[in-house]
2 protein chains.
Amino acid sequence: MRIPEDIVFHTLTAFHEWFADQNRKNDYRVTVTPLDALDGWGTDAETGTLRHNSGKFFSVEGIAVDTDNGASWSQPIINQPEIGILGIAVKRVGYSYYCLMQAKMEPGNINLIQLSPTVQATRSNYTRVHRGNAVPYLEHFVSPAPGSVVFDSLQSEQGSWFLGKRNRNMIVEVPDWLPLRDNFCWLSLEQLTELIRIPNLINMDSRTVFSGLPFLDHGHRAAEADMPEPSGPARHPLGALLSWFTDAKARHRLARRSVPLRNLPEWTYSPGRIYRPDGRHFTVIGVDVQAGNREVAHWAQPMLQPVGQGVIAFLGRHFDDQFHILVHARTEAGTADVVEMGPTVACIPASYHDAPHANQPLFLDVVQQSEPADRLVDVVHSEEGGRFYQAENRYLVIDAGDSVPQEVPADYCWMTVAQLTGFVRFGNHVNVAARCLLSCMDDDIAEKTVAAR
Amino acid sequence: MRIPEDIVFHTLTAFHEWFADQNRKNDYRVTVTPLDALDGWGTDAETGTLRHNSGKFFSVEGIAVDTDNGASWSQPIINQPEIGILGIAVKRVGYSYYCLMQAKMEPGNINLIQLSPTVQATRSNYTRVHRGNAVPYLEHFVSPAPGSVVFDSLQSEQGSWFLGKRNRNMIVEVPDWLPLRDNFCWLSLEQLTELIRIPNLINMDSRTVFSGLPFLDHGHRAAEADMPEPSGPARHPLGALLSWFTDAKARHRLARRSVPLRNLPEWTYSPGRIYRPDGRHFTVIGVDVQAGNREVAHWAQPMLQPVGQGVIAFLGRHFDDQFHILVHARTEAGTADVVEMGPTVACIPASYHDAPHANQPLFLDVVQQSEPADRLVDVVHSEEGGRFYQAENRYLVIDAGDSVPQEVPADYCWMTVAQLTGFVRFGNHVNVAARCLLSCMDDDIAEKTVAAR
């Protein structure tokens, strides 16, 4: 099958030139602004909750969390209950697939412009689609052709920062090349596999949707078994993994209640920003966004700025020559159903720099002491630039060998990459950090690590 | 392998004799009692909420529900957020399995005594297990031996009557026959397949756990695909089913808020009971339970009594010689996450007896006009006798042929029995009515219906 000229990039150099052009065309300027000076935003007199004057978009509220393991805390959290769509259109050419990606500005992005999915649509976009549609390509996701949907599930976002936020992650196969609009391009899976190794280029919304790419082939095998089969023996069968997850949900407790944002213990609520004097976790700041030469493009909003670069890591080791990753049943303030499957380690080390060893996140030391040669994945990416300001995480997959024990605490479980991927499909199982980490893993990472031994 | 004498019933007649003995030993008497005369229960002065004076057990509260499709209503609902365990121990003998069942009294049961799972434990039982254990056999479920868990998932209960109630459904394989306590017996799967055709014998807690029996064999095939494979081509691959379910969750809205039980529109709150003057849905009544000759066994509690026998039915038809059932993405007042997969029809017809045709539940007429010969399953069972008073449903699976169209409304989807069963394993997908209906279906129902054509 021939690919029409000028539709795809024949080299990555050509892509980088195109992307540099997109950057040059960008005329947005983002300025950090005091919360009390944000255009269109106000503060609830009693609670201090930050809200847009229209009642739309999202709010920043106070929440108190109580868990069964003695941990109780209060924090600001973003409340945005509406379900949006993150969708990527793919075009098959023989045995290859191309994804339709957008070069898109978000105020919190490192580099401002990053590659985002074909569509990022809010529910308001979604439901008014009949009355004319401001979001290009949305129709392919709202009314997909029968048989065209490859992946379609509700997935949570950052539970430490969002209260129960989730988006509908979709991959839809389109029969024809869609006409390319400004800022859009087609990239092959092979090209994306290269590009995802570049720091801060592929945005979080793309990475979470990419975690559904393993299901691309499955759509064409309707009558066969529908769970990906592990390429070798797994330490635990699916039934045991489900039982481990069920047990964690039944054993733990996550209670939360609204509390005034204004009076959170350990947080300072100043007119300009909301922060922790001890320098931990994150700060709520304001930003003002302006386009240099376009009159319509101006807005202001609160954002969360983490206090330092985070670490999101899977520790792995081999069982019977099969590479396994250590999955953590993790509770966060905004987790919808008590726990989700997360990476072995997910934290901002700066939040713990003066904590005694016993209070450090479990396995963080193994990550920090790992050898470069054992890091199968090691790349810095940023989180959603529409809500988080320059929130960078270092994504790591480490072949830790005997540095991590075979027998692990009850909230941890060894799985193959294929097993964890299988859970992604069902939604509400795998958290956003783990999904984004899965997206950074080559298909052949398991084979590579076996070969290396 | 030899089965020790006196451990199992060699005929069903022997079982029925044993069960009749259990009934004769039963000395409980249940008396319907006005709500304001219930020992140990009180009423919140402001809202009218019914609560036990200890704060334990459950409460009956008022709830207002608002959905996107124009339906808004208020109703009483049972609030009991704690996760209990419903567990069945199974013993393998060659290629056969035996289940450890209990003859157990519940005040709402038709016949008072029914067959219940090995264990029905509340979270309080569950968490104080270290300090001595009043629930026999509980240790096999709280600390199952590695590799012994066949099925273990969190499952919702009646969303029309319970606010977000769920239980942990477990099947655990034990290596040895467990010593038989009073009121317990071992029954083979073949015997249970016969007994589930008898009205009001096997209780709801057993039936929901039985929906996990198809996973019995899978525990022994760790490295193989873990989803049950359809025995023939399915109309839709798993990806399309997941997309249908995701779309229903994203499309619908379920908002609810607490309202005073005392002032629910269309409900009468009298000192003795809470009911609808129009005779629809259910009544909140009180019962007093007394053992004739045992001093400890006395308690009182509120219960929900439906206004008539319900209908829970799957309509089915063949596609490519494969039997499919019509699954409904259904919202109920207490549904945890907007919709769950339910039967084609689930309602109390008496609630609609004078409603115009347009307001009748969809497909109820097809069920009511079905020919006896097309009813593959047709048996009356009762719902949980600890909360619901003589709540009977007629469970039906109907081979409806062309009486039901191939193309169905967006909230309905055709699946094979194996496909729906696959979702049971993941929890929070298939509602209790559909799970109980699956349990009534023989393994070979699909083959039977193909052979009949």
# chains A, B, ... in the order shown; residues from 1 in each chain; ligands from 1
>>> residues_around(residues="Asp374 in chain B", least_positions_apart="2", cutoff="7 Å", atoms="only C-alpha atoms", output="number ranges by chain")
B: 370-372, 376, 398-400
>>> write_last_selection(atoms="N, CA and C atoms", output="compact mmCIF listing (two decimals), in the first residue's frame")
# COMPACT_ATOMS: atom_id res chain seq x y z
N SER B 370 -43.82 -14.65 26.13
CA SER B 370 -42.97 -15.76 25.67
C SER B 370 -43.68 -17.09 25.86
N GLU B 371 -43.33 -18.04 25.00
CA GLU B 371 -43.88 -19.40 25.08
C GLU B 371 -43.11 -20.20 26.12
N PRO B 372 -43.80 -21.03 26.91
CA PRO B 372 -43.10 -21.86 27.89
C PRO B 372 -41.94 -22.65 27.28
N LEU B 376 -35.69 -21.15 28.74
CA LEU B 376 -34.58 -22.07 29.05
C LEU B 376 -34.34 -22.13 30.54
N ILE B 398 -34.85 -16.54 28.16
CA ILE B 398 -35.81 -16.86 27.10
C ILE B 398 -35.13 -16.81 25.74
N ASP B 399 -35.29 -17.88 24.99
CA ASP B 399 -34.82 -17.86 23.60
C ASP B 399 -35.91 -17.18 22.78
N ALA B 400 -35.75 -15.88 22.58
CA ALA B 400 -36.84 -15.07 22.04
C ALA B 400 -36.84 -15.03 20.52
>>> residues_around(residues="range 350-364 of chain B", least_positions_apart="2", cutoff="12 Å", atoms="only C-alpha atoms", output="MDAnalysis selection string")
chainID B and resid 71 276:282 306:316 326:328 330 343:348 366:370 396 398 400 403:405 408:409 411:412
>>> closest_residue(among="B:Trp186, B:Tyr395, B:Phe151, B:Phe162", to="chain A", atoms="only C-alpha atoms")
B:Phe151
>>> select_by_dssp(residues="range 319-364 of chain B", states="strand (DSSP E or B)", output="PyMOL selection string")
chain B and resi 319+322-330+340-342+345-347
>>> residues_around(residues="Ala89 in chain B", least_positions_apart="3", cutoff="6 Å", atoms="only C-alpha atoms", output="list in words")
Cys99, Leu100, Ile171, Val172 and Glu173 of chain B
>>> closest_residue(among="A:Gln406, A:Gln390, A:Gln419, A:Asn26", to="Lys104 in chain A", atoms="only C-alpha atoms")
A:Asn26
>>> closest_residue(among="A:Ala291, A:Ala240, A:Val432, A:Met303", to="Ser153 in chain B", atoms="only C-alpha atoms")
A:Ala240
>>> select_by_dssp(residues="range 130-181 of chain A", states="helix (DSSP H, G or I)", output="PyMOL selection string")
chain A and resi 130-131+139-142
>>> write_last_selection(atoms="all heavy atoms", output="mmCIF file, in the first residue's frame")
data_model
loop_
_atom_site.group_PDB
_atom_site.id
_atom_site.type_symbol
_atom_site.label_atom_id
_atom_site.label_comp_id
_atom_site.auth_asym_id
_atom_site.auth_seq_id
_atom_site.Cartn_x
_atom_site.Cartn_y
_atom_site.Cartn_z
ATOM 1 N N HIS A 130 -23.617 18.175 18.316
ATOM 2 C CA HIS A 130 -24.633 18.307 17.264
ATOM 3 C C HIS A 130 -24.755 19.753 16.786
ATOM 4 O O HIS A 130 -25.071 20.019 15.650
ATOM 5 C CB HIS A 130 -25.997 17.845 17.782
ATOM 6 C CG HIS A 130 -25.883 16.685 18.702
ATOM 7 N ND1 HIS A 130 -25.587 15.419 18.252
ATOM 8 C CD2 HIS A 130 -25.971 16.586 20.051
ATOM 9 C CE1 HIS A 130 -25.531 14.598 19.286
ATOM 10 N NE2 HIS A 130 -25.760 15.274 20.384
ATOM 11 N N ARG A 131 -24.500 20.673 17.695
ATOM 12 C CA ARG A 131 -24.716 22.084 17.355
ATOM 13 C C ARG A 131 -23.438 22.724 16.824
ATOM 14 O O ARG A 131 -23.059 23.815 17.234
ATOM 15 C CB ARG A 131 -25.183 22.839 18.593
ATOM 16 C CG ARG A 131 -26.518 22.392 19.115
ATOM 17 C CD ARG A 131 -26.848 23.108 20.399
ATOM 18 N NE ARG A 131 -26.419 22.367 21.567
ATOM 19 C CZ ARG A 131 -26.039 22.908 22.711
ATOM 20 N NH1 ARG A 131 -25.991 24.220 22.844
ATOM 21 N NH2 ARG A 131 -25.681 22.161 23.740
ATOM 22 N N GLU A 139 -15.797 14.195 15.802
ATOM 23 C CA GLU A 139 -16.860 13.294 15.333
ATOM 24 C C GLU A 139 -16.393 11.839 15.246
ATOM 25 O O GLU A 139 -17.193 10.915 15.412
ATOM 26 C CB GLU A 139 -17.422 13.782 13.985
ATOM 27 C CG GLU A 139 -16.438 13.751 12.813
ATOM 28 C CD GLU A 139 -15.541 14.990 12.713
ATOM 29 O OE1 GLU A 139 -15.406 15.724 13.720
ATOM 30 O OE2 GLU A 139 -14.959 15.213 11.633
ATOM 31 N N HIS A 140 -15.102 11.617 15.025
ATOM 32 C CA HIS A 140 -14.594 10.242 14.914
ATOM 33 C C HIS A 140 -14.619 9.518 16.263
ATOM 34 O O HIS A 140 -14.511 8.296 16.317
ATOM 35 C CB HIS A 140 -13.176 10.235 14.349
ATOM 36 C CG HIS A 140 -13.108 10.816 12.970
ATOM 37 N ND1 HIS A 140 -13.483 10.111 11.858
ATOM 38 C CD2 HIS A 140 -12.759 12.058 12.536
ATOM 39 C CE1 HIS A 140 -13.354 10.878 10.779
ATOM 40 N NE2 HIS A 140 -12.917 12.064 11.160
ATOM 41 N N PHE A 141 -14.740 10.271 17.364
ATOM 42 C CA PHE A 141 -14.727 9.675 18.697
ATOM 43 C C PHE A 141 -16.121 9.662 19.319
ATOM 44 O O PHE A 141 -16.459 8.771 20.078
ATOM 45 C CB PHE A 141 -13.731 10.409 19.585
ATOM 46 C CG PHE A 141 -12.340 10.352 19.006
ATOM 47 C CD1 PHE A 141 -11.877 11.331 18.145
ATOM 48 C CD2 PHE A 141 -11.528 9.261 19.272
ATOM 49 C CE1 PHE A 141 -10.619 11.244 17.562
ATOM 50 C CE2 PHE A 141 -10.272 9.157 18.708
ATOM 51 C CZ PHE A 141 -9.814 10.160 17.847
ATOM 52 N N VAL A 142 -16.927 10.661 18.965
ATOM 53 C CA VAL A 142 -18.277 10.722 19.512
ATOM 54 C C VAL A 142 -19.193 9.736 18.787
ATOM 55 O O VAL A 142 -20.044 9.107 19.403
ATOM 56 C CB VAL A 142 -18.830 12.160 19.425
ATOM 57 C CG1 VAL A 142 -20.280 12.197 19.838
ATOM 58 C CG2 VAL A 142 -18.004 13.090 20.300
#
>>> closest_residue(among="B:Arg197, B:Arg166, B:Arg394, B:Arg29", to="chain A", atoms="only C-alpha atoms")
B:Arg166
>>> decode(residues="range 154-183 of chain A", atoms="N, CA, C and O atoms", output="short mmCIF file (atom, residue, chain, number, x, y, z; two decimals), in the first residue's frame")
data_model
loop_
_atom_site.label_atom_id
_atom_site.label_comp_id
_atom_site.auth_asym_id
_atom_site.auth_seq_id
_atom_site.Cartn_x
_atom_site.Cartn_y
_atom_site.Cartn_z
N LEU A 154 -12.55 4.34 30.65
CA LEU A 154 -12.48 5.48 31.57
C LEU A 154 -11.25 5.30 32.45
O LEU A 154 -11.09 4.26 33.09
N GLN A 155 -10.40 6.29 32.48
CA GLN A 155 -9.15 6.18 33.21
C GLN A 155 -8.98 7.37 34.15
O GLN A 155 -9.27 8.51 33.79
N SER A 156 -8.49 7.07 35.33
CA SER A 156 -8.28 8.10 36.35
C SER A 156 -7.08 8.97 35.98
O SER A 156 -6.21 8.56 35.22
N GLU A 157 -7.03 10.17 36.56
CA GLU A 157 -5.84 11.00 36.42
C GLU A 157 -5.17 11.11 37.80
O GLU A 157 -5.46 10.31 38.69
N GLN A 158 -4.23 12.02 37.98
CA GLN A 158 -3.41 12.07 39.19
C GLN A 158 -4.26 12.16 40.47
O GLN A 158 -4.84 13.21 40.77
N GLY A 159 -4.29 11.10 41.23
CA GLY A 159 -5.10 11.07 42.44
C GLY A 159 -4.58 11.96 43.55
O GLY A 159 -5.31 12.32 44.48
N SER A 160 -3.30 12.34 43.48
CA SER A 160 -2.77 13.23 44.52
C SER A 160 -3.20 14.67 44.29
O SER A 160 -3.12 15.50 45.20
N TRP A 161 -3.63 14.97 43.07
CA TRP A 161 -3.91 16.36 42.72
C TRP A 161 -5.35 16.58 42.27
O TRP A 161 -5.84 17.71 42.25
N PHE A 162 -6.00 15.49 41.83
CA PHE A 162 -7.35 15.57 41.27
C PHE A 162 -8.30 14.76 42.14
O PHE A 162 -7.99 13.62 42.51
N LEU A 163 -9.50 15.26 42.39
CA LEU A 163 -10.51 14.50 43.12
C LEU A 163 -11.35 13.70 42.14
O LEU A 163 -12.24 14.24 41.47
N GLY A 164 -11.03 12.41 42.01
CA GLY A 164 -11.85 11.52 41.19
C GLY A 164 -11.95 11.90 39.73
O GLY A 164 -12.89 11.51 39.04
N LYS A 165 -10.98 12.67 39.23
CA LYS A 165 -11.02 13.08 37.82
C LYS A 165 -10.75 11.88 36.92
O LYS A 165 -9.85 11.10 37.17
N ARG A 166 -11.55 11.74 35.85
CA ARG A 166 -11.18 10.73 34.88
C ARG A 166 -11.56 11.16 33.48
O ARG A 166 -12.43 12.01 33.29
N ASN A 167 -10.87 10.58 32.54
CA ASN A 167 -11.11 10.87 31.14
C ASN A 167 -11.37 9.57 30.39
O ASN A 167 -10.94 8.49 30.82
N ARG A 168 -12.08 9.72 29.29
CA ARG A 168 -12.33 8.58 28.42
C ARG A 168 -11.16 8.50 27.44
O ARG A 168 -10.96 9.40 26.63
N ASN A 169 -10.38 7.45 27.55
CA ASN A 169 -9.21 7.26 26.67
C ASN A 169 -9.66 6.42 25.48
O ASN A 169 -10.18 5.31 25.66
N MET A 170 -9.43 6.93 24.28
CA MET A 170 -9.92 6.23 23.08
C MET A 170 -8.85 6.14 22.00
O MET A 170 -8.11 7.09 21.77
N ILE A 171 -8.81 4.99 21.34
CA ILE A 171 -8.06 4.84 20.09
C ILE A 171 -9.05 4.34 19.06
O ILE A 171 -9.73 3.34 19.28
N VAL A 172 -9.14 5.07 17.96
CA VAL A 172 -10.10 4.73 16.91
C VAL A 172 -9.35 4.59 15.59
O VAL A 172 -8.52 5.43 15.25
N GLU A 173 -9.62 3.49 14.90
CA GLU A 173 -8.97 3.28 13.60
C GLU A 173 -9.83 3.90 12.51
O GLU A 173 -11.03 3.58 12.41
N VAL A 174 -9.24 4.78 11.72
CA VAL A 174 -9.99 5.41 10.64
C VAL A 174 -9.60 4.75 9.32
O VAL A 174 -8.45 4.36 9.13
N PRO A 175 -10.56 4.60 8.40
CA PRO A 175 -10.26 3.87 7.16
C PRO A 175 -9.39 4.68 6.21
O PRO A 175 -8.62 4.11 5.44
N ASP A 176 -9.50 5.99 6.26
CA ASP A 176 -8.76 6.85 5.31
C ASP A 176 -7.92 7.86 6.07
O ASP A 176 -8.23 8.21 7.21
N TRP A 177 -6.88 8.35 5.43
CA TRP A 177 -6.13 9.46 6.00
C TRP A 177 -7.09 10.63 6.19
O TRP A 177 -7.80 10.99 5.26
N LEU A 178 -7.12 11.21 7.37
CA LEU A 178 -7.99 12.38 7.57
C LEU A 178 -7.24 13.61 7.06
O LEU A 178 -6.02 13.68 7.15
N PRO A 179 -7.97 14.55 6.50
CA PRO A 179 -7.30 15.77 6.01
C PRO A 179 -6.55 16.44 7.16
O PRO A 179 -7.10 16.59 8.26
N LEU A 180 -5.31 16.84 6.92
CA LEU A 180 -4.48 17.41 7.98
C LEU A 180 -4.81 18.87 8.21
O LEU A 180 -4.74 19.69 7.30
N ARG A 181 -5.17 19.19 9.44
CA ARG A 181 -5.38 20.60 9.80
C ARG A 181 -4.05 21.17 10.29
O ARG A 181 -3.11 20.44 10.60
N ASP A 182 -4.04 22.49 10.45
CA ASP A 182 -2.87 23.16 11.02
C ASP A 182 -2.51 22.53 12.36
O ASP A 182 -3.39 22.22 13.16
N ASN A 183 -1.25 22.38 12.62
CA ASN A 183 -0.74 21.88 13.91
C ASN A 183 -0.87 20.36 14.08
O ASN A 183 -0.53 19.85 15.13
#
